[in-house]
Amino acid sequence: MKCILKSSSLLGSLLLCLFCLYAEMISAQPPRTLITVVVAPDHADWTYKTGEKAMFSITVLKDGNTLKNCKVDVQVGPEKMDATWTEKLSMADGKATIDGGTMKSPGFLRCIATINFEGKLYRGLATAGFDPYQIKPTTDMPSDFTAFWDKAKSELSKLPLETKLTLMPERCTEKVNTYQFSVQNFRPGSRLYGMICIPKRPGKYPAELIVPGAGIRPLNGYVTLAEKGIITVEMAIHGIPVTMDPSVYNNLYDGALNEYYSANLDNKDHYYYKRVYMGCVRAVDLICSLPEFDGENIGVFGGSQGGALSVVTAALDSRVKYLVCLFPALSDLTGYLHNRAGGWPHLFNKENGGFNNTEARIQTSKYYDVVNFAKLLKVPGMYSWGFNDETCPPTTTYAVYNAVTAKKELLLARDSGHFGYPEQWDVLNKWMIEKLLPNSIKK
């Protein structure tokens, strides 16, 4: 979702902002299509014990009714890996049930059904989980992991913030001031940018840090949440202003920042995400410097890359008290080296492994893998994902969740892919608001 508010009308700006926020939340949710391919496991909770057989039902619908005499290509296998079983089914009544087999060790088995109807492909899938709470990570924590990040934070703490706030009048409301912010990050002269929304009413407020999903985009600011009495800091990771024309971000995505997530992977001190992870700590520094901050209550919220950053931030910075993490990326990255799914950006899958499968790159990945940060968490967290996620596979997200020893809750939307349903977002937002607001406005 890439949009910038340009309206001079306050009402128009507010409506557009609300639309952008809602669209950002559901933009990855697939639209309805002429043909619907429904795949479902025979267990209502999509969960099995290892060694137990999983049966999958396949139904093809057109106009809400089963499509007669259709042919469907079916493949079954561990998620993100080559299929172990394929077959072309002739479905006279538009329905079929197949034996998907089982798994001998904890993981996820995926059934994908595809139909070619009038020259267009339609696809459905379902993913059965086998003892998912027993999934262990394939990566391990380097012996100097904590020392490495303590040193990085110590070096960062010596760098002055040099905060710059630029008021965005067209995005302010009766209750909230909205600013583009920048602070110095990682090295002298390097800046971290984002949007900050601060309640106008005098008082002390809790704060929520919103960390971004992958990509390069402008930001709008979370005005509606700030109107509830929470300072919101929405950060970007690439060190560029967040209010430019969308074409600038498109050009960067296709140009200088293309595949930024692989930059300098062969050196743990220079890998792209070191600057990003320190930027998350720097954003907390910014929050703590604000006179309106209550000095105590900070939550961090993100999905995908942002889900990874929410875990990383809470693990690196004890000033964070709560986290919400949706389908975290950068999780158990080495899974592909052990014949199972690895996390986004899939550095070691068969497409990328030929280049990245070196000792130096593997070792670097361990310093940035969310699994290792999850082991350090000490604060309550709400986590959420679906079994059908093909971007951040559930094998990898469970590897993170199972590594967490702090208080945790998991909200599943099993049939969802790499998106969140509106109802899912409502639960997660409510959870965070209930954590932050009881101790808000201190006069």
# chains A, B, ... in the order shown; residues from 1 in each chain; ligands from 1
$ residues_around --residues "Lys175 (chain A)" --least-positions-apart "5" --cutoff "12 Å" --atoms "only C-alpha atoms" --output "JSON list (two decimals) with N, CA, C and O atoms, in the first residue's frame"
[["chain", "number", "residue", "atom", "x", "y", "z"],
["A", 197, "CYS", "N", 2.72, 10.62, 16.07],
["A", 197, "CYS", "CA", 1.45, 11.27, 16.40],
["A", 197, "CYS", "C", 1.36, 11.42, 17.91],
["A", 197, "CYS", "O", 1.46, 10.42, 18.64],
["A", 198, "ILE", "N", 1.17, 12.66, 18.39],
["A", 198, "ILE", "CA", 1.19, 12.96, 19.81],
["A", 198, "ILE", "C", -0.12, 13.64, 20.21],
["A", 198, "ILE", "O", -0.52, 14.64, 19.60],
["A", 199, "PRO", "N", -0.81, 13.12, 21.23],
["A", 199, "PRO", "CA", -2.05, 13.78, 21.69],
["A", 199, "PRO", "C", -1.76, 15.22, 22.11],
["A", 199, "PRO", "O", -0.72, 15.52, 22.70],
["A", 200, "LYS", "N", -2.69, 16.12, 21.77],
["A", 200, "LYS", "CA", -2.51, 17.54, 22.10],
["A", 200, "LYS", "C", -2.82, 17.84, 23.55],
["A", 200, "LYS", "O", -2.25, 18.77, 24.13],
["A", 201, "ARG", "N", -3.72, 17.09, 24.13],
["A", 201, "ARG", "CA", -4.12, 17.37, 25.51],
["A", 201, "ARG", "C", -2.92, 17.21, 26.43],
["A", 201, "ARG", "O", -2.22, 16.20, 26.38],
["A", 202, "PRO", "N", -2.64, 18.20, 27.30],
["A", 202, "PRO", "CA", -1.51, 18.10, 28.21],
["A", 202, "PRO", "C", -1.62, 16.85, 29.08],
["A", 202, "PRO", "O", -2.69, 16.49, 29.57],
["A", 223, "VAL", "N", -3.01, 8.16, 13.41],
["A", 223, "VAL", "CA", -3.74, 9.24, 14.08],
["A", 223, "VAL", "C", -4.84, 8.69, 14.99],
["A", 223, "VAL", "O", -5.00, 9.13, 16.13],
["A", 224, "THR", "N", -5.62, 7.73, 14.49],
["A", 224, "THR", "CA", -6.78, 7.25, 15.25],
["A", 224, "THR", "C", -6.36, 6.63, 16.57],
["A", 224, "THR", "O", -7.05, 6.78, 17.58],
["A", 225, "LEU", "N", -5.22, 5.94, 16.59],
["A", 225, "LEU", "CA", -4.74, 5.35, 17.84],
["A", 225, "LEU", "C", -4.26, 6.44, 18.79],
["A", 225, "LEU", "O", -4.49, 6.36, 20.00],
["A", 226, "ALA", "N", -3.62, 7.45, 18.25],
["A", 226, "ALA", "CA", -3.17, 8.57, 19.08],
["A", 226, "ALA", "C", -4.35, 9.31, 19.70],
["A", 226, "ALA", "O", -4.27, 9.82, 20.82],
["A", 227, "GLU", "N", -5.46, 9.37, 18.98],
["A", 227, "GLU", "CA", -6.65, 10.03, 19.52],
["A", 227, "GLU", "C", -7.23, 9.28, 20.71],
["A", 227, "GLU", "O", -8.00, 9.84, 21.49],
["A", 228, "LYS", "N", -6.85, 8.02, 20.88],
["A", 228, "LYS", "CA", -7.29, 7.25, 22.05],
["A", 228, "LYS", "C", -6.41, 7.52, 23.27],
["A", 228, "LYS", "O", -6.71, 7.08, 24.38],
["A", 229, "GLY", "N", -5.29, 8.22, 23.05],
["A", 229, "GLY", "CA", -4.41, 8.55, 24.16],
["A", 229, "GLY", "C", -3.12, 7.76, 24.18],
["A", 229, "GLY", "O", -2.55, 7.51, 25.25],
["A", 230, "ILE", "N", -2.63, 7.38, 23.00],
["A", 230, "ILE", "CA", -1.37, 6.64, 22.90],
["A", 230, "ILE", "C", -0.48, 7.36, 21.88],
["A", 230, "ILE", "O", -0.88, 7.60, 20.75],
["A", 231, "ILE", "N", 0.73, 7.71, 22.30],
["A", 231, "ILE", "CA", 1.71, 8.24, 21.34],
["A", 231, "ILE", "C", 2.05, 7.12, 20.36],
["A", 231, "ILE", "O", 2.37, 6.01, 20.76]]
$ closest_atom_pairs --of "region 106-156 of chain A" --to "region 325-341 of chain A" --cutoff "6 Å" --atoms "only C-alpha atoms" --output "Markdown table"
| residue | atom | partner | partner_atom | distance |
| --- | --- | --- | --- | --- |
| A:Pro137 | CA | A:Asp332 | CA | 5.9 |
| A:Thr138 | CA | A:Gly335 | CA | 5.7 |
| A:Thr139 | CA | A:Asp332 | CA | 5.8 |
$ write_last_selection --atoms "N, CA, C and O atoms" --output "mmCIF file, in the first residue's frame"
data_model
loop_
_atom_site.group_PDB
_atom_site.id
_atom_site.type_symbol
_atom_site.label_atom_id
_atom_site.label_comp_id
_atom_site.auth_asym_id
_atom_site.auth_seq_id
_atom_site.Cartn_x
_atom_site.Cartn_y
_atom_site.Cartn_z
ATOM 1 N N PRO A 137 13.931 -25.147 16.426
ATOM 2 C CA PRO A 137 14.658 -24.409 15.376
ATOM 3 C C PRO A 137 15.824 -25.208 14.828
ATOM 4 O O PRO A 137 16.379 -26.078 15.518
ATOM 5 N N THR A 138 16.193 -24.907 13.600
ATOM 6 C CA THR A 138 17.393 -25.501 13.009
ATOM 7 C C THR A 138 18.615 -24.631 13.255
ATOM 8 O O THR A 138 19.737 -25.117 13.233
ATOM 9 N N THR A 139 18.389 -23.336 13.465
ATOM 10 C CA THR A 139 19.511 -22.435 13.736
ATOM 11 C C THR A 139 19.942 -22.560 15.189
ATOM 12 O O THR A 139 19.214 -23.134 16.016
#
$ select_by_dssp --residues "region 165-326 of chain A" --states "alpha helix (DSSP H)" --output "MDAnalysis selection string"
chainID A and resid 223:226 246:254 272:289 305:316
$ closest_atom_pairs --of "region 122-190 of chain A" --to "region 64-87 of chain A" --cutoff "10 Å" --atoms "only C-alpha atoms" --output "tab-separated table"
residue	atom	partner	partner_atom	distance
A:Tyr122	CA	A:Val72	CA	9.7
A:Arg123	CA	A:Val72	CA	9.4
A:Gly124	CA	A:Val74	CA	9.8
A:Leu125	CA	A:Val74	CA	9.5
A:Ala126	CA	A:Val76	CA	9.8
A:Thr127	CA	A:Glu79	CA	7.7
A:Ala128	CA	A:Pro78	CA	9.5
$ residues_around --residues "Ala40 (chain A)" --least-positions-apart "2" --cutoff "7 Å" --atoms "only C-alpha atoms" --output "list of chain:residue names"
A:Val38, A:Asp42, A:Phe56, A:Ser57, A:Ile58, A:Ala126
$ residues_around --residues "region 103-107 of chain A" --least-positions-apart "4" --cutoff "6 Å" --atoms "only C-alpha atoms" --output "list in words"
Thr50, Gly51, Gly129, Phe130, Asp131, Pro132, Ile135 and Thr395 of chain A
$ residues_around --residues "Val284 (chain A)" --least-positions-apart "6" --cutoff "10 Å" --atoms "only C-alpha atoms" --output "mmCIF file with N, CA and C atoms, in the first residue's frame"
data_model
loop_
_atom_site.group_PDB
_atom_site.id
_atom_site.type_symbol
_atom_site.label_atom_id
_atom_site.label_comp_id
_atom_site.auth_asym_id
_atom_site.auth_seq_id
_atom_site.Cartn_x
_atom_site.Cartn_y
_atom_site.Cartn_z
ATOM 1 N N ALA A 207 3.170 4.756 24.850
ATOM 2 C CA ALA A 207 3.568 4.859 23.446
ATOM 3 C C ALA A 207 3.562 3.487 22.793
ATOM 4 N N GLU A 208 3.238 3.509 21.505
ATOM 5 C CA GLU A 208 3.308 2.294 20.699
ATOM 6 C C GLU A 208 4.223 2.541 19.506
ATOM 7 N N LEU A 209 5.198 1.672 19.346
ATOM 8 C CA LEU A 209 6.099 1.713 18.201
ATOM 9 C C LEU A 209 5.583 0.740 17.155
ATOM 10 N N VAL A 233 4.507 5.940 17.190
ATOM 11 C CA VAL A 233 5.728 6.180 16.420
ATOM 12 C C VAL A 233 5.795 5.102 15.354
ATOM 13 N N MET A 278 19.279 -1.660 15.060
ATOM 14 C CA MET A 278 19.651 -0.521 15.894
ATOM 15 C C MET A 278 18.663 0.635 15.728
ATOM 16 N N ILE A 298 5.663 1.141 26.975
ATOM 17 C CA ILE A 298 5.943 1.094 25.542
ATOM 18 C C ILE A 298 5.570 -0.285 25.018
ATOM 19 N N GLY A 299 4.801 -0.302 23.945
ATOM 20 C CA GLY A 299 4.512 -1.533 23.237
ATOM 21 C C GLY A 299 5.043 -1.439 21.816
ATOM 22 N N VAL A 300 5.357 -2.587 21.218
ATOM 23 C CA VAL A 300 5.822 -2.612 19.835
ATOM 24 C C VAL A 300 4.941 -3.575 19.062
ATOM 25 N N THR A 313 13.063 -5.921 18.832
ATOM 26 C CA THR A 313 13.054 -4.706 19.648
ATOM 27 C C THR A 313 12.814 -5.030 21.113
ATOM 28 N N ASP A 317 15.710 -4.327 23.943
ATOM 29 C CA ASP A 317 15.479 -3.117 24.726
ATOM 30 C C ASP A 317 14.490 -3.388 25.858
ATOM 31 N N ARG A 319 13.189 -1.458 27.841
ATOM 32 C CA ARG A 319 12.188 -0.414 28.037
ATOM 33 C C ARG A 319 10.861 -0.785 27.380
ATOM 34 N N VAL A 320 10.879 -1.752 26.469
ATOM 35 C CA VAL A 320 9.644 -2.240 25.840
ATOM 36 C C VAL A 320 8.959 -3.199 26.804
#
$ atom_distance --atom1 "CA of Tyr261 (chain A)" --atom2 "CA of Tyr273 (chain A)"
7.2 Å
$ select_by_dssp --residues "region 8-239 of chain A" --states "strand (DSSP E)" --output "ChimeraX atom specification"
/A:35-41,47-48,55-62,65-66,70-78,85-91,95-99,107-117,120-130,164-167,176-184,191-199,205-210,231-235
$ write_last_selection --atoms "C-alpha atoms" --output "compact mmCIF listing (two decimals), in the first residue's frame"
# COMPACT_ATOMS: atom_id res chain seq x y z
CA ILE A 35 -13.71 -19.96 -9.35
CA THR A 36 -13.03 -20.88 -5.74
CA VAL A 37 -10.92 -23.89 -4.86
CA VAL A 38 -11.52 -24.91 -1.24
CA VAL A 39 -9.07 -27.29 0.41
CA ALA A 40 -9.49 -28.38 4.03
CA PRO A 41 -7.97 -30.99 6.35
CA THR A 47 -3.65 -30.24 13.74
CA TYR A 48 -2.42 -33.85 13.94
CA MET A 55 -7.14 -36.43 4.82
CA PHE A 56 -7.83 -33.39 2.64
CA SER A 57 -11.16 -32.49 1.01
CA ILE A 58 -11.13 -30.52 -2.24
CA THR A 59 -14.16 -28.61 -3.50
CA VAL A 60 -14.34 -26.46 -6.64
CA LEU A 61 -17.06 -23.78 -6.67
CA LYS A 62 -18.49 -21.51 -9.36
CA ASN A 65 -22.16 -24.20 -6.49
CA THR A 66 -19.84 -27.11 -7.15
CA CYS A 70 -13.62 -30.54 -13.57
CA LYS A 71 -10.01 -31.67 -13.51
CA VAL A 72 -7.75 -30.62 -10.70
CA ASP A 73 -3.99 -30.95 -10.30
CA VAL A 74 -3.10 -31.87 -6.73
CA GLN A 75 0.26 -31.89 -4.99
CA VAL A 76 1.10 -32.72 -1.39
CA GLY A 77 4.35 -32.26 0.49
CA PRO A 78 6.09 -30.39 3.31
CA TRP A 85 2.86 -36.78 -4.15
CA THR A 86 1.09 -35.40 -7.24
CA GLU A 87 -2.01 -36.47 -9.16
CA LYS A 88 -4.55 -35.13 -11.66
CA LEU A 89 -8.06 -35.74 -10.37
CA SER A 90 -11.23 -35.92 -12.47
CA MET A 91 -14.01 -34.64 -10.22
CA LYS A 95 -15.59 -32.74 -4.89
CA ALA A 96 -12.87 -35.16 -3.85
CA THR A 97 -11.12 -36.44 -0.76
CA ILE A 98 -7.47 -37.47 -0.81
CA ASP A 99 -5.15 -39.22 1.59
CA GLY A 107 6.10 -29.80 10.86
CA PHE A 108 3.51 -28.80 8.27
CA LEU A 109 2.14 -30.79 5.34
CA ARG A 110 0.55 -28.77 2.53
CA CYS A 111 -2.02 -29.81 -0.06
CA ILE A 112 -2.30 -27.53 -3.11
CA ALA A 113 -5.09 -27.92 -5.68
CA THR A 114 -5.04 -26.07 -9.03
CA ILE A 115 -7.62 -25.93 -11.82
CA ASN A 116 -7.34 -24.45 -15.30
CA PHE A 117 -10.74 -22.96 -16.14
CA LYS A 120 -6.98 -19.14 -16.23
CA LEU A 121 -5.47 -20.92 -13.24
CA TYR A 122 -7.26 -21.01 -9.90
CA ARG A 123 -5.62 -22.34 -6.77
CA GLY A 124 -6.47 -23.36 -3.24
CA LEU A 125 -4.46 -24.87 -0.44
CA ALA A 126 -4.59 -26.15 3.11
CA THR A 127 -1.79 -26.99 5.51
CA ALA A 128 -1.94 -29.60 8.24
CA GLY A 129 0.20 -29.07 11.32
CA PHE A 130 1.86 -32.07 12.95
CA LYS A 164 14.12 16.75 14.08
CA LEU A 165 10.32 17.08 14.06
CA THR A 166 8.44 18.54 11.09
CA LEU A 167 4.78 19.32 11.74
CA VAL A 176 -3.49 15.03 17.68
CA ASN A 177 -0.37 16.64 16.25
CA THR A 178 1.38 14.64 13.51
CA TYR A 179 5.05 15.06 12.64
CA GLN A 180 7.60 13.52 10.34
CA PHE A 181 10.56 12.73 12.57
CA SER A 182 14.17 11.92 11.99
CA VAL A 183 16.88 10.97 14.45
CA GLN A 184 20.52 10.09 14.04
CA ARG A 191 19.16 9.21 9.87
CA LEU A 192 16.11 7.17 10.85
CA TYR A 193 12.76 8.54 9.60
CA GLY A 194 9.14 7.98 10.45
CA MET A 195 5.85 9.52 11.53
CA ILE A 196 4.91 10.39 15.08
CA CYS A 197 1.45 11.27 16.40
CA ILE A 198 1.19 12.96 19.81
CA PRO A 199 -2.05 13.78 21.69
CA TYR A 205 0.95 9.07 27.64
CA PRO A 206 2.03 5.52 26.85
CA ALA A 207 3.57 4.86 23.45
CA GLU A 208 3.31 2.29 20.70
CA LEU A 209 6.10 1.71 18.20
CA ILE A 210 4.83 0.41 14.86
CA ILE A 231 1.71 8.24 21.34
CA THR A 232 2.32 6.40 18.07
CA VAL A 233 5.73 6.18 16.42
CA GLU A 234 5.64 4.59 12.97
CA MET A 235 9.19 4.02 11.76
$ closest_residue --among "A:Pro394, A:Pro30, A:Gly221, A:Gly215" --to "Tyr260 (chain A)" --atoms "only C-alpha atoms"
A:Gly215
$ atom_distance --atom1 "CA of Asp266 (chain A)" --atom2 "CA of Leu156 (chain A)"
22.3 Å
$ closest_residue --among "A:Ser310, A:Asn372, A:Ser416, A:Gln363" --to "Pro212 (chain A)" --atoms "only C-alpha atoms"
A:Ser310
$ residues_around --residues "Met382 (chain A)" --least-positions-apart "6" --cutoff "9 Å" --atoms "only C-alpha atoms" --output "PDB file with N, CA and C atoms, in the first residue's frame"
ATOM      1  N   TYR A 322       5.573  -4.605  26.115  1.00  0.00           N
ATOM      2  CA  TYR A 322       4.625  -5.510  25.461  1.00  0.00           C
ATOM      3  C   TYR A 322       4.956  -5.586  23.978  1.00  0.00           C
ATOM      4  N   LEU A 323       4.597  -6.717  23.365  1.00  0.00           N
ATOM      5  CA  LEU A 323       4.773  -6.811  21.921  1.00  0.00           C
ATOM      6  C   LEU A 323       3.629  -7.569  21.277  1.00  0.00           C
ATOM      7  N   VAL A 324       3.308  -7.163  20.051  1.00  0.00           N
ATOM      8  CA  VAL A 324       2.396  -7.902  19.177  1.00  0.00           C
ATOM      9  C   VAL A 324       3.184  -8.287  17.940  1.00  0.00           C
ATOM     10  N   CYS A 325       3.136  -9.566  17.592  1.00  0.00           N
ATOM     11  CA  CYS A 325       3.939 -10.094  16.491  1.00  0.00           C
ATOM     12  C   CYS A 325       3.055 -10.943  15.582  1.00  0.00           C
ATOM     13  N   LEU A 326       2.892 -10.498  14.342  1.00  0.00           N
ATOM     14  CA  LEU A 326       2.180 -11.281  13.334  1.00  0.00           C
ATOM     15  C   LEU A 326       3.182 -11.916  12.381  1.00  0.00           C
ATOM     16  N   LYS A 407       5.720 -14.811  29.015  1.00  0.00           N
ATOM     17  CA  LYS A 407       4.272 -14.970  28.900  1.00  0.00           C
ATOM     18  C   LYS A 407       3.851 -14.714  27.459  1.00  0.00           C
ATOM     19  N   LYS A 408       3.031 -15.607  26.908  1.00  0.00           N
ATOM     20  CA  LYS A 408       2.687 -15.497  25.494  1.00  0.00           C
ATOM     21  C   LYS A 408       1.285 -16.026  25.234  1.00  0.00           C
ATOM     22  N   GLU A 409       0.664 -15.460  24.190  1.00  0.00           N
ATOM     23  CA  GLU A 409      -0.632 -15.912  23.692  1.00  0.00           C
ATOM     24  C   GLU A 409      -0.535 -16.042  22.182  1.00  0.00           C
ATOM     25  N   LEU A 410      -1.254 -17.028  21.624  1.00  0.00           N
ATOM     26  CA  LEU A 410      -1.235 -17.244  20.172  1.00  0.00           C
ATOM     27  C   LEU A 410      -2.659 -17.215  19.633  1.00  0.00           C
ATOM     28  N   LEU A 411      -2.887 -16.314  18.686  1.00  0.00           N
ATOM     29  CA  LEU A 411      -4.170 -16.206  17.996  1.00  0.00           C
ATOM     30  C   LEU A 411      -4.001 -16.773  16.597  1.00  0.00           C
ATOM     31  N   LEU A 428      -5.884  -8.092  18.084  1.00  0.00           N
ATOM     32  CA  LEU A 428      -4.507  -7.726  18.394  1.00  0.00           C
ATOM     33  C   LEU A 428      -4.402  -6.274  18.855  1.00  0.00           C
ATOM     34  N   TRP A 431      -5.805  -5.968  22.337  1.00  0.00           N
ATOM     35  CA  TRP A 431      -4.871  -6.506  23.332  1.00  0.00           C
ATOM     36  C   TRP A 431      -3.837  -5.451  23.711  1.00  0.00           C
ATOM     37  N   MET A 432      -3.250  -4.813  22.698  1.00  0.00           N
ATOM     38  CA  MET A 432      -2.223  -3.810  22.976  1.00  0.00           C
ATOM     39  C   MET A 432      -2.802  -2.590  23.679  1.00  0.00           C
TER      40      MET A 432
END
$ closest_atom_pairs --of "region 68-166 of chain A" --to "region 286-296 of chain A" --cutoff "10 Å" --atoms "only C-alpha atoms" --output "tab-separated table"
residue	atom	partner	partner_atom	distance
A:Leu161	CA	A:Leu286	CA	7.5
A:Glu162	CA	A:Leu286	CA	9.7
A:Thr163	CA	A:Leu286	CA	7.6
$ write_last_selection --atoms "N, CA and C atoms" --output "PDB file, in the first residue's frame"
ATOM      1  N   LEU A 161      20.990  11.848  19.577  1.00  0.00           N
ATOM      2  CA  LEU A 161      19.752  11.666  18.814  1.00  0.00           C
ATOM      3  C   LEU A 161      19.603  12.701  17.702  1.00  0.00           C
ATOM      4  N   GLU A 162      19.850  13.948  18.031  1.00  0.00           N
ATOM      5  CA  GLU A 162      19.652  15.058  17.085  1.00  0.00           C
ATOM      6  C   GLU A 162      18.263  14.988  16.446  1.00  0.00           C
ATOM      7  N   THR A 163      17.250  14.961  17.285  1.00  0.00           N
ATOM      8  CA  THR A 163      15.863  14.809  16.829  1.00  0.00           C
ATOM      9  C   THR A 163      15.402  16.011  16.013  1.00  0.00           C
TER      10      THR A 163
END
$ residues_around --residues "Asp415 (chain A)" --least-positions-apart "5" --cutoff "8 Å" --atoms "only C-alpha atoms" --output "PyMOL selection string"
chain A and resi 126+386-388
$ write_last_selection --atoms "C-alpha atoms" --output "CSV table (one decimal), in the first residue's frame"
chain,number,residue,atom,x,y,z
A,126,ALA,CA,-4.6,-26.2,3.1
A,386,GLY,CA,-2.2,-18.8,9.7
A,387,PHE,CA,-1.2,-22.2,8.6
A,388,ASN,CA,-1.4,-21.3,4.9
$ atom_distance --atom1 "CA of Gly307 (chain A)" --atom2 "CA of Asn429 (chain A)"
14.0 Å
